[in-house]
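Peer 1: I am sharing upload.cif, which consists of mmCIF, C-alpha atoms, pLDDT in the B column; chains and numbers go by the auth columns:
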data_run
#
loop_
_atom_site.group_PDB
_atom_site.id
_atom_site.type_symbol
_atom_site.label_atom_id
_atom_site.label_comp_id
_atom_site.label_asym_id
_atom_site.label_seq_id
_atom_site.Cartn_x
_atom_site.Cartn_y
_atom_site.Cartn_z
_atom_site.B_iso_or_equiv
_atom_site.auth_seq_id
_atom_site.auth_asym_id
ATOM 1 C CA MET A 1 -43.913 -63.010 24.570 46.00 179 A
ATOM 2 C CA GLY A 2 -41.973 -66.234 24.918 55.00 180 A
ATOM 3 C CA ASN A 3 -38.333 -66.887 24.278 79.00 181 A
ATOM 4 C CA LYS A 4 -38.204 -68.661 20.941 93.00 182 A
ATOM 5 C CA ILE A 5 -35.143 -66.962 19.518 97.00 183 A
ATOM 6 C CA GLY A 6 -34.203 -66.997 15.844 98.00 184 A
ATOM 7 C CA ILE A 7 -31.092 -65.624 14.150 98.00 185 A
ATOM 8 C CA ILE A 8 -30.925 -64.381 10.571 98.00 186 A
ATOM 9 C CA GLY A 9 -27.348 -64.775 9.384 97.00 187 A
ATOM 10 C CA ALA A 10 -24.512 -67.277 9.403 96.00 188 A
ATOM 11 C CA GLY A 11 -21.393 -65.103 9.565 96.00 189 A
ATOM 12 C CA ASN A 12 -19.003 -64.217 12.377 97.00 190 A
ATOM 13 C CA LEU A 13 -21.557 -62.315 14.467 97.00 191 A
ATOM 14 C CA ALA A 14 -24.249 -64.977 14.039 98.00 192 A
ATOM 15 C CA TRP A 15 -21.770 -67.690 15.045 98.00 193 A
ATOM 16 C CA HIS A 16 -20.824 -65.887 18.242 98.00 194 A
ATOM 17 C CA LEU A 17 -24.419 -65.031 19.141 98.00 195 A
ATOM 18 C CA ALA A 18 -25.258 -68.716 18.767 98.00 196 A
ATOM 19 C CA LYS A 19 -22.190 -69.680 20.801 97.00 197 A
ATOM 20 C CA MET A 20 -22.901 -67.287 23.669 97.00 198 A
ATOM 21 C CA PHE A 21 -26.559 -68.382 23.792 97.00 199 A
ATOM 22 C CA SER A 22 -25.529 -72.043 23.784 96.00 200 A
ATOM 23 C CA LEU A 23 -22.933 -71.643 26.544 95.00 201 A
ATOM 24 C CA HIS A 24 -25.335 -69.747 28.789 94.00 202 A
ATOM 25 C CA LYS A 25 -28.336 -72.042 28.345 91.00 203 A
ATOM 26 C CA VAL A 26 -30.356 -69.598 26.260 94.00 204 A
ATOM 27 C CA GLU A 27 -32.620 -71.574 23.940 92.00 205 A
ATOM 28 C CA LEU A 28 -31.912 -70.820 20.290 96.00 206 A
ATOM 29 C CA GLN A 29 -34.844 -72.137 18.287 96.00 207 A
ATOM 30 C CA SER A 30 -33.717 -71.457 14.721 97.00 208 A
ATOM 31 C CA ILE A 31 -31.120 -69.962 12.374 98.00 209 A
ATOM 32 C CA PHE A 32 -31.548 -68.839 8.781 97.00 210 A
ATOM 33 C CA VAL A 33 -28.689 -69.969 6.521 95.00 211 A
ATOM 34 C CA ARG A 34 -28.450 -69.678 2.769 92.00 212 A
ATOM 35 C CA SER A 35 -26.690 -72.982 2.121 91.00 213 A
ATOM 36 C CA VAL A 36 -26.324 -76.407 3.703 90.00 214 A
ATOM 37 C CA SER A 37 -22.559 -75.902 3.931 92.00 215 A
ATOM 38 C CA GLN A 38 -23.058 -73.070 6.431 94.00 216 A
ATOM 39 C CA VAL A 39 -24.728 -75.468 8.882 95.00 217 A
ATOM 40 C CA ILE A 40 -21.373 -77.180 9.466 94.00 218 A
ATOM 41 C CA ASP A 41 -20.119 -74.123 11.352 95.00 219 A
ATOM 42 C CA PHE A 42 -22.866 -74.579 13.952 96.00 220 A
ATOM 43 C CA GLN A 43 -22.229 -78.200 14.882 94.00 221 A
ATOM 44 C CA PHE A 44 -22.105 -77.252 18.567 95.00 222 A
ATOM 45 C CA LEU A 45 -25.890 -76.670 18.463 95.00 223 A
ATOM 46 C CA ASN A 46 -28.009 -79.727 19.164 91.00 224 A
ATOM 47 C CA GLU A 47 -31.654 -78.613 19.210 90.00 225 A
ATOM 48 C CA THR A 48 -31.565 -75.665 16.791 96.00 226 A
ATOM 49 C CA VAL A 49 -33.470 -75.883 13.496 96.00 227 A
ATOM 50 C CA PHE A 50 -31.858 -74.468 10.336 97.00 228 A
ATOM 51 C CA TYR A 51 -34.095 -72.817 7.755 97.00 229 A
ATOM 52 C CA HIS A 52 -33.279 -71.795 4.197 95.00 230 A
ATOM 53 C CA GLN A 53 -36.310 -69.533 3.860 96.00 231 A
ATOM 54 C CA ILE A 54 -36.742 -66.444 6.045 97.00 232 A
ATOM 55 C CA PRO A 55 -40.564 -66.751 6.263 97.00 233 A
ATOM 56 C CA GLN A 56 -40.056 -70.164 7.877 97.00 234 A
ATOM 57 C CA LEU A 57 -37.886 -68.633 10.591 97.00 235 A
ATOM 58 C CA ILE A 58 -40.331 -65.758 11.111 97.00 236 A
ATOM 59 C CA ALA A 59 -43.200 -68.201 11.630 96.00 237 A
ATOM 60 C CA LYS A 60 -41.305 -70.199 14.272 95.00 238 A
ATOM 61 C CA SER A 61 -39.597 -67.363 16.190 96.00 239 A
ATOM 62 C CA GLU A 62 -40.745 -64.803 18.732 96.00 240 A
ATOM 63 C CA ILE A 63 -37.502 -62.821 19.055 97.00 241 A
ATOM 64 C CA ILE A 64 -35.536 -62.436 15.821 98.00 242 A
ATOM 65 C CA PHE A 65 -31.922 -61.275 15.786 98.00 243 A
ATOM 66 C CA PHE A 66 -30.534 -59.666 12.614 98.00 244 A
ATOM 67 C CA ALA A 67 -26.874 -60.755 12.403 97.00 245 A
ATOM 68 C CA VAL A 68 -26.294 -59.386 8.905 97.00 246 A
ATOM 69 C CA PRO A 69 -24.359 -56.481 7.334 95.00 247 A
ATOM 70 C CA ASP A 70 -25.756 -53.100 8.378 95.00 248 A
ATOM 71 C CA LYS A 71 -27.179 -52.209 4.957 94.00 249 A
ATOM 72 C CA THR A 72 -28.973 -55.564 4.730 96.00 250 A
ATOM 73 C CA ILE A 73 -31.180 -54.883 7.770 97.00 251 A
ATOM 74 C CA ALA A 74 -33.358 -52.309 5.980 96.00 252 A
ATOM 75 C CA GLU A 75 -33.536 -54.495 2.871 96.00 253 A
ATOM 76 C CA LEU A 76 -34.821 -57.489 4.841 97.00 254 A
ATOM 77 C CA LEU A 77 -37.351 -55.357 6.695 97.00 255 A
ATOM 78 C CA ARG A 78 -38.709 -54.131 3.377 96.00 256 A
ATOM 79 C CA ASP A 79 -38.843 -57.537 1.723 96.00 257 A
ATOM 80 C CA TYR A 80 -40.773 -59.554 4.329 97.00 258 A
ATOM 81 C CA GLN A 81 -43.779 -59.379 6.647 96.00 259 A
ATOM 82 C CA TRP A 82 -42.771 -59.502 10.314 96.00 260 A
ATOM 83 C CA TYR A 83 -46.128 -59.882 12.086 94.00 261 A
ATOM 84 C CA ASN A 84 -45.100 -57.792 15.095 92.00 262 A
ATOM 85 C CA LYS A 85 -42.374 -60.194 16.115 96.00 263 A
ATOM 86 C CA TYR A 86 -39.739 -58.792 18.490 98.00 264 A
ATOM 87 C CA LEU A 87 -36.991 -57.669 16.089 98.00 265 A
ATOM 88 C CA VAL A 88 -33.450 -57.024 17.345 98.00 266 A
ATOM 89 C CA HIS A 89 -30.267 -55.989 15.555 98.00 267 A
ATOM 90 C CA SER A 90 -26.681 -56.092 16.822 97.00 268 A
ATOM 91 C CA ALA A 91 -25.164 -53.244 14.805 96.00 269 A
ATOM 92 C CA GLY A 92 -23.204 -50.454 16.444 96.00 270 A
ATOM 93 C CA SER A 93 -24.010 -47.723 13.943 96.00 271 A
ATOM 94 C CA VAL A 94 -27.629 -48.513 12.974 97.00 272 A
ATOM 95 C CA SER A 95 -30.369 -46.614 14.806 97.00 273 A
ATOM 96 C CA ILE A 96 -33.123 -48.478 16.580 98.00 274 A
ATOM 97 C CA ASP A 97 -35.503 -46.479 14.368 97.00 275 A
ATOM 98 C CA VAL A 98 -34.766 -48.797 11.446 97.00 276 A
ATOM 99 C CA PHE A 99 -37.473 -51.046 12.929 98.00 277 A
ATOM 100 C CA ARG A 100 -40.082 -48.337 13.435 95.00 278 A
ATOM 101 C CA HIS A 101 -43.315 -48.928 11.499 93.00 279 A
ATOM 102 C CA ARG A 102 -42.215 -52.537 10.812 95.00 280 A
ATOM 103 C CA THR A 103 -43.222 -54.030 14.168 96.00 281 A
ATOM 104 C CA GLU A 104 -44.478 -52.969 17.576 96.00 282 A
ATOM 105 C CA ASN A 105 -41.615 -54.677 19.398 97.00 283 A
ATOM 106 C CA PHE A 106 -37.979 -53.893 18.637 98.00 284 A
ATOM 107 C CA GLY A 107 -34.598 -53.346 20.185 98.00 285 A
ATOM 108 C CA VAL A 108 -30.805 -53.482 19.944 98.00 286 A
ATOM 109 C CA PHE A 109 -28.436 -56.045 21.459 98.00 287 A
ATOM 110 C CA TYR A 110 -24.886 -54.875 20.681 98.00 288 A
ATOM 111 C CA PRO A 111 -21.973 -56.946 21.998 98.00 289 A
ATOM 112 C CA MET A 112 -18.966 -54.698 21.383 97.00 290 A
ATOM 113 C CA GLN A 113 -16.184 -56.963 20.222 97.00 291 A
ATOM 114 C CA THR A 114 -14.421 -58.024 17.045 96.00 292 A
ATOM 115 C CA PHE A 115 -15.739 -61.469 16.106 97.00 293 A
ATOM 116 C CA THR A 116 -14.175 -64.296 14.113 96.00 294 A
ATOM 117 C CA LYS A 117 -15.719 -67.747 13.794 96.00 295 A
ATOM 118 C CA ASN A 118 -14.206 -70.540 15.884 94.00 296 A
ATOM 119 C CA ARG A 119 -12.241 -68.108 18.035 95.00 297 A
ATOM 120 C CA MET A 120 -13.147 -68.654 21.680 95.00 298 A
ATOM 121 C CA LEU A 121 -13.833 -65.544 23.754 97.00 299 A
ATOM 122 C CA ASP A 122 -14.681 -64.781 27.366 97.00 300 A
ATOM 123 C CA TYR A 123 -18.209 -63.532 26.787 98.00 301 A
ATOM 124 C CA ALA A 124 -18.569 -62.458 30.420 97.00 302 A
ATOM 125 C CA GLU A 125 -15.999 -59.710 29.743 97.00 303 A
ATOM 126 C CA ILE A 126 -17.623 -58.413 26.547 98.00 304 A
ATOM 127 C CA PRO A 127 -19.800 -55.328 27.149 98.00 305 A
ATOM 128 C CA ILE A 128 -23.328 -55.662 25.778 98.00 306 A
ATOM 129 C CA PHE A 129 -25.282 -52.482 25.071 98.00 307 A
ATOM 130 C CA VAL A 130 -29.060 -52.753 24.854 98.00 308 A
ATOM 131 C CA GLU A 131 -31.895 -50.488 23.800 98.00 309 A
ATOM 132 C CA ALA A 132 -35.589 -51.117 23.187 98.00 310 A
ATOM 133 C CA ASN A 133 -38.796 -49.265 22.317 98.00 311 A
ATOM 134 C CA SER A 134 -40.520 -50.051 25.631 97.00 312 A
ATOM 135 C CA SER A 135 -39.538 -50.789 29.199 97.00 313 A
ATOM 136 C CA ARG A 136 -40.911 -54.331 28.829 97.00 314 A
ATOM 137 C CA ASN A 137 -38.861 -55.035 25.712 97.00 315 A
ATOM 138 C CA GLU A 138 -35.840 -53.405 27.316 98.00 316 A
ATOM 139 C CA GLN A 139 -36.058 -55.705 30.326 97.00 317 A
ATOM 140 C CA ILE A 140 -36.169 -58.763 28.070 97.00 318 A
ATOM 141 C CA LEU A 141 -32.841 -57.764 26.507 97.00 319 A
ATOM 142 C CA VAL A 142 -31.305 -56.730 29.833 98.00 320 A
ATOM 143 C CA ASN A 143 -32.196 -60.122 31.292 97.00 321 A
ATOM 144 C CA LEU A 144 -30.735 -61.871 28.253 97.00 322 A
ATOM 145 C CA ALA A 145 -27.528 -59.822 28.254 97.00 323 A
ATOM 146 C CA SER A 146 -27.083 -60.323 32.013 97.00 324 A
ATOM 147 C CA LYS A 147 -27.026 -64.088 31.542 96.00 325 A
ATOM 148 C CA ILE A 148 -24.030 -63.682 29.254 97.00 326 A
ATOM 149 C CA SER A 149 -22.005 -60.653 30.320 98.00 327 A
ATOM 150 C CA THR A 150 -21.053 -58.959 33.577 97.00 328 A
ATOM 151 C CA LYS A 151 -20.927 -55.665 31.670 97.00 329 A
ATOM 152 C CA THR A 152 -24.437 -54.809 30.486 97.00 330 A
ATOM 153 C CA MET A 153 -25.519 -51.227 29.845 97.00 331 A
ATOM 154 C CA ILE A 154 -28.616 -49.513 28.454 98.00 332 A
ATOM 155 C CA LEU A 155 -27.447 -47.113 25.761 97.00 333 A
ATOM 156 C CA ASP A 156 -29.477 -45.127 23.252 97.00 334 A
ATOM 157 C CA SER A 157 -28.738 -45.114 19.521 97.00 335 A
ATOM 158 C CA GLU A 158 -26.815 -41.837 19.423 97.00 336 A
ATOM 159 C CA LYS A 159 -24.435 -42.826 22.221 98.00 337 A
ATOM 160 C CA ARG A 160 -24.059 -46.309 20.754 97.00 338 A
ATOM 161 C CA LYS A 161 -22.993 -44.737 17.456 97.00 339 A
ATOM 162 C CA GLN A 162 -20.362 -42.737 19.328 97.00 340 A
ATOM 163 C CA MET A 163 -19.179 -45.925 21.045 97.00 341 A
ATOM 164 C CA HIS A 164 -18.986 -47.665 17.679 96.00 342 A
ATOM 165 C CA LEU A 165 -16.953 -44.773 16.250 97.00 343 A
ATOM 166 C CA ALA A 166 -14.534 -45.023 19.179 97.00 344 A
ATOM 167 C CA ALA A 167 -14.319 -48.781 18.593 96.00 345 A
ATOM 168 C CA VAL A 168 -13.383 -48.228 14.939 97.00 346 A
ATOM 169 C CA PHE A 169 -10.428 -46.102 16.017 97.00 347 A
ATOM 170 C CA VAL A 170 -9.356 -48.465 18.802 96.00 348 A
ATOM 171 C CA ASN A 171 -9.814 -51.682 16.848 96.00 349 A
ATOM 172 C CA ASN A 172 -9.966 -51.254 13.076 97.00 350 A
ATOM 173 C CA PHE A 173 -7.579 -48.331 12.728 97.00 351 A
ATOM 174 C CA ALA A 174 -5.146 -49.616 15.357 97.00 352 A
ATOM 175 C CA ASN A 175 -5.147 -53.013 13.629 97.00 353 A
ATOM 176 C CA ARG A 176 -4.272 -51.304 10.345 97.00 354 A
ATOM 177 C CA MET A 177 -1.297 -49.681 12.071 97.00 355 A
ATOM 178 C CA TRP A 178 -0.198 -53.099 13.298 97.00 356 A
ATOM 179 C CA SER A 179 -0.488 -54.505 9.791 97.00 357 A
ATOM 180 C CA ILE A 180 1.709 -51.669 8.483 98.00 358 A
ATOM 181 C CA GLY A 181 4.275 -52.611 11.123 97.00 359 A
ATOM 182 C CA GLN A 182 4.064 -56.234 9.983 97.00 360 A
ATOM 183 C CA GLU A 183 4.597 -55.189 6.366 97.00 361 A
ATOM 184 C CA LEU A 184 7.663 -53.097 7.223 97.00 362 A
ATOM 185 C CA CYS A 185 9.131 -55.910 9.312 97.00 363 A
ATOM 186 C CA ALA A 186 8.504 -58.482 6.581 97.00 364 A
ATOM 187 C CA GLU A 187 10.154 -56.288 3.958 97.00 365 A
ATOM 188 C CA ASN A 188 13.283 -56.143 6.084 96.00 366 A
ATOM 189 C CA ASP A 189 13.303 -59.768 7.305 97.00 367 A
ATOM 190 C CA ILE A 190 12.631 -58.751 10.908 97.00 368 A
ATOM 191 C CA PRO A 191 10.322 -61.023 12.962 97.00 369 A
ATOM 192 C CA PHE A 192 7.175 -59.087 13.899 97.00 370 A
ATOM 193 C CA GLU A 193 7.137 -60.950 17.222 96.00 371 A
ATOM 194 C CA TYR A 194 9.892 -58.604 18.419 97.00 372 A
ATOM 195 C CA LEU A 195 7.239 -55.873 18.603 97.00 373 A
ATOM 196 C CA GLN A 196 5.059 -57.965 20.902 96.00 374 A
ATOM 197 C CA ALA A 197 6.414 -56.565 24.175 97.00 375 A
ATOM 198 C CA LEU A 198 5.940 -53.033 22.830 97.00 376 A
ATOM 199 C CA LEU A 199 2.339 -53.766 21.814 96.00 377 A
ATOM 200 C CA GLN A 200 1.546 -55.197 25.222 96.00 378 A
ATOM 201 C CA GLU A 201 3.074 -52.306 27.143 97.00 379 A
ATOM 202 C CA THR A 202 1.313 -49.735 24.936 96.00 380 A
ATOM 203 C CA TYR A 203 -2.019 -51.438 25.644 94.00 381 A
ATOM 204 C CA LEU A 204 -1.422 -51.702 29.385 96.00 382 A
ATOM 205 C CA LYS A 205 -0.356 -48.075 29.732 96.00 383 A
ATOM 206 C CA ALA A 206 -3.408 -46.870 27.813 95.00 384 A
ATOM 207 C CA LEU A 207 -5.646 -48.746 30.263 94.00 385 A
ATOM 208 C CA GLU A 208 -3.769 -47.749 33.397 95.00 386 A
ATOM 209 C CA ASN A 209 -2.804 -44.158 32.675 92.00 387 A
ATOM 210 C CA SER A 210 -4.953 -43.096 29.674 93.00 388 A
ATOM 211 C CA ALA A 211 -3.743 -43.141 26.095 95.00 389 A
ATOM 212 C CA LEU A 212 -3.265 -39.372 26.022 94.00 390 A
ATOM 213 C CA ASN A 213 -0.974 -39.354 29.053 93.00 391 A
ATOM 214 C CA SER A 214 0.941 -42.365 27.757 95.00 392 A
ATOM 215 C CA GLN A 215 1.830 -40.893 24.366 95.00 393 A
ATOM 216 C CA THR A 216 5.520 -41.149 23.451 96.00 394 A
ATOM 217 C CA GLY A 217 7.533 -40.955 20.244 97.00 395 A
ATOM 218 C CA PRO A 218 9.096 -38.382 17.924 97.00 396 A
ATOM 219 C CA ALA A 219 5.837 -36.494 17.261 97.00 397 A
ATOM 220 C CA LYS A 220 5.176 -36.124 21.001 95.00 398 A
ATOM 221 C CA ARG A 221 8.743 -34.732 21.406 95.00 399 A
ATOM 222 C CA GLN A 222 8.406 -32.676 18.229 95.00 400 A
ATOM 223 C CA ASP A 223 11.577 -34.360 17.032 96.00 401 A
ATOM 224 C CA TYR A 224 11.330 -33.124 13.458 97.00 402 A
ATOM 225 C CA GLN A 225 14.735 -34.506 12.485 97.00 403 A
ATOM 226 C CA THR A 226 13.641 -38.090 13.209 97.00 404 A
ATOM 227 C CA MET A 227 10.241 -37.500 11.637 97.00 405 A
ATOM 228 C CA GLN A 228 11.889 -36.218 8.469 97.00 406 A
ATOM 229 C CA LEU A 229 14.146 -39.293 8.396 97.00 407 A
ATOM 230 C CA HIS A 230 11.078 -41.546 8.609 97.00 408 A
ATOM 231 C CA LEU A 231 9.325 -39.645 5.837 97.00 409 A
ATOM 232 C CA GLU A 232 12.401 -40.031 3.645 97.00 410 A
ATOM 233 C CA MET A 233 12.335 -43.777 4.311 97.00 411 A
ATOM 234 C CA LEU A 234 8.721 -43.787 3.093 97.00 412 A
ATOM 235 C CA LYS A 235 9.365 -41.747 -0.047 96.00 413 A
ATOM 236 C CA ASN A 236 8.305 -44.650 -2.285 97.00 414 A
ATOM 237 C CA LYS A 237 5.211 -45.404 -0.203 97.00 415 A
ATOM 238 C CA ALA A 238 2.941 -42.433 -0.837 97.00 416 A
ATOM 239 C CA LEU A 239 -0.023 -43.694 1.207 98.00 417 A
ATOM 240 C CA LEU A 240 2.078 -44.665 4.235 98.00 418 A
ATOM 241 C CA LYS A 241 3.901 -41.350 4.033 98.00 419 A
ATOM 242 C CA LYS A 242 0.561 -39.547 4.110 98.00 420 A
ATOM 243 C CA ILE A 243 -0.611 -41.630 7.081 98.00 421 A
ATOM 244 C CA TYR A 244 2.636 -40.969 8.959 98.00 422 A
ATOM 245 C CA SER A 245 2.401 -37.215 8.366 98.00 423 A
ATOM 246 C CA PHE A 246 -1.291 -36.966 9.263 98.00 424 A
ATOM 247 C CA VAL A 247 -1.064 -39.008 12.450 97.00 425 A
ATOM 248 C CA SER A 248 2.098 -37.200 13.541 97.00 426 A
ATOM 249 C CA GLU A 249 0.416 -33.842 13.076 97.00 427 A
ATOM 250 C CA SER A 250 -2.571 -35.071 15.068 97.00 428 A
ATOM 251 C CA ILE A 251 -0.261 -36.072 17.931 97.00 429 A
ATOM 252 C CA ILE A 252 1.548 -32.714 17.835 96.00 430 A
ATOM 253 C CA GLN A 253 -1.674 -30.677 17.906 95.00 431 A
ATOM 254 C CA THR A 254 -3.247 -32.867 20.602 94.00 432 A
ATOM 255 C CA GLN A 255 -0.198 -32.472 22.841 90.00 433 A
ATOM 256 C CA LYS A 256 -0.230 -28.715 22.363 87.00 434 A
ATOM 257 C CA ASN A 257 -3.842 -28.592 23.546 86.00 435 A
ATOM 258 C CA ALA A 258 -3.435 -31.118 26.378 73.00 436 A
#
As a first step, turn the structure in this file into structure tokens.
Peer 2:
Amino acid sequence: MGNKIGIIGAGNLAWHLAKMFSLHKVELQSIFVRSVSQVIDFQFLNETVFYHQIPQLIAKSEIIFFAVPDKTIAELLRDYQWYNKYLVHSAGSVSIDVFRHRTENFGVFYPMQTFTKNRMLDYAEIPIFVEANSSRNEQILVNLASKISTKTMILDSEKRKQMHLAAVFVNNFANRMWSIGQELCAENDIPFEYLQALLQETYLKALENSALNSQTGPAKRQDYQTMQLHLEMLKNKALLKKIYSFVSESIIQTQKNA
């Protein structure tokens, strides 16, 4: 098996896969895009060919990365012939078994990070979790990941799903909490930037001393008077009131069992 790599997709993940391959001298042979306008995002690529038909990419590639929404992977596998190409997805919560019976060579290459086009990242610091259906295929992905990241780990599908679940809490849910804070600040004409020092210290303490040991606040102290005041302030925001109550109760119960 050679190293003619193709990517199906043109979104945030596809952009960053292409960027990390380009920066680390990994040859990217082709990308499937649906429209000519999507090619503009990949102007940093010089030798890559852009196809508008998936069978064209399949014919020219040896390793094919699926950088598409999770549910789309199975649909693509069903709709096309893959001719035993080495198929790889980069989804945290999709089992490697999605490829079984579709090809003899398959694996997972999961860089765990939140990706946005045109946002530069230090790829060497992004952990990449790999899995494959054979030791030979596994080594191909380990070698590829090691060119990009200093944090490469072989992880099976079940543990990768657990990692993805943890990432949803740490990233997606935490970001929602930040956006609530932004909304409350905006409603009261308070610059959100004044919470920056608090955000930074919360992050640093979680890394240095564990999040559990670093917990503070009225729920940790079981300060029900302050909690009741906050709930009264949220009386016209039913969803936020529910979130506040549920998370506070989670903190109280966790501290009791700590």
Peer 1: Return as a PyMOL selection string the set of residues that the PyMOL selection byres ((chain A and resi 260) around 8) yields on the displayed structure.
Peer 2: chain A and resi 236+255+258-259+261-263+280-281
Peer 1: Which value, in Å to one decimal, gives the distance between CA of Val276 (chain A) and CA of Tyr229 (chain A)?
Peer 2: 24.3 Å
Peer 1: In Å, rounded to a single decimal, give me how far CA of His342 (chain A) is from CA of Ser271 (chain A).
Peer 2: 6.3 Å
Peer 1: Determine the residue membership of the PyMOL selection byres ((chain A and resi 219) around 10) for the file above and supply it as a list in words.
Peer 2: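 When the PyMOL selection byres ((chain A and resi 219) around 10) is applied, the selected residues are Ala188, Gly189, Trp193, Ser215, Gln216, Val217, Ile218, Phe220, Gln221, Phe222, Leu223, Lys295 and Asn296 of chain A.
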Peer 1: Which polymer residues, protein or nucleic acid, are no farther than 12 Å from (-26.4, -56.9, 30.6), counting all atoms listed in the file, as number ranges by chain?
Peer 2: A: 287-289, 301-309, 316-333
Peer 1: State, in Å with one decimal place, the distance from CA of Asp367 (chain A) to CA of Phe347 (chain A).
Peer 2: 28.7 Å
Peer 1: Restricting the calculation to all atoms listed in the file: of A:Glu205, A:Asn366, A:Val425, A:Glu371, which residue gets closest to Gly395 (chain A)?
Peer 2: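 When distances to Gly395 (chain A) are compared using all atoms listed in the file, the smallest one comes from A:Val425.
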Peer 1: Please expand the PyMOL selection byres ((chain A and resi 397-414) around 8) into the concrete residues it hits in this file, giving the result as a PyMOL selection string.
Peer 2: chain A and resi 393-396+415-416+418-419+422-423+426-427+429-430+433
Peer 1: Pick out the closest residue to Phe370 (chain A) from this set: A:Ala352, A:Val204, A:Ala384, A:Ile358. Count all atoms listed in the file.
Peer 2: A:Ile358
Peer 1: My list of candidates is A:Gln360, A:Asn311, A:Asn349, A:Asn190. Which is closest to Tyr381 (chain A) when distances are computed with only C-alpha atoms?
Peer 2: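 Going through A:Gln360, A:Asn311, A:Asn349, A:Asn190 one by one, the smallest distance to Tyr381 (chain A) is for A:Asn349.
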Peer 1: For Lys197 (chain A), which residue among A:Ala269, A:Ala344, A:Leu299, A:Leu417 is the nearest when counting only C-alpha atoms?
Peer 2: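 Of A:Ala269, A:Ala344, A:Leu299, A:Leu417, the one nearest Lys197 (chain A) is A:Leu299, counting only C-alpha atoms.
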Peer 1: For Gln207 (chain A), find every residue with an atom within 7 Å (counting all atoms listed in the file), except residues of its own chain fewer than 4 positions away, and show them as an NGL selection string.
Peer 2: :A and (182-184 or 226-227)
Peer 1: Name the closest residue to Asp334 (chain A) among the candidates A:Val348, A:Met355, A:Ile274, A:Leu385; distances are taken between atoms, counting only C-alpha atoms.
Peer 2: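 Counting only C-alpha atoms, the residue closest to Asp334 (chain A) is A:Ile274.
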Peer 1: Take every atom of region 299-306 of chain A listed in the file, fit an axis-aligned box around them, add 4 Å per side, and give the centre and edge lengths in Å to one decimal as JSON.
Peer 2:
{"center_x": -18.6, "center_y": -60.4, "center_z": 27.1, "size_x": 17.5, "size_y": 18.2, "size_z": 14.7}
Peer 1: Counting all atoms listed in the file, which residue out of A:Trp356, A:Phe210, A:Phe243, A:Phe277 sits closest to His230 (chain A)?
Peer 2: A:Phe210
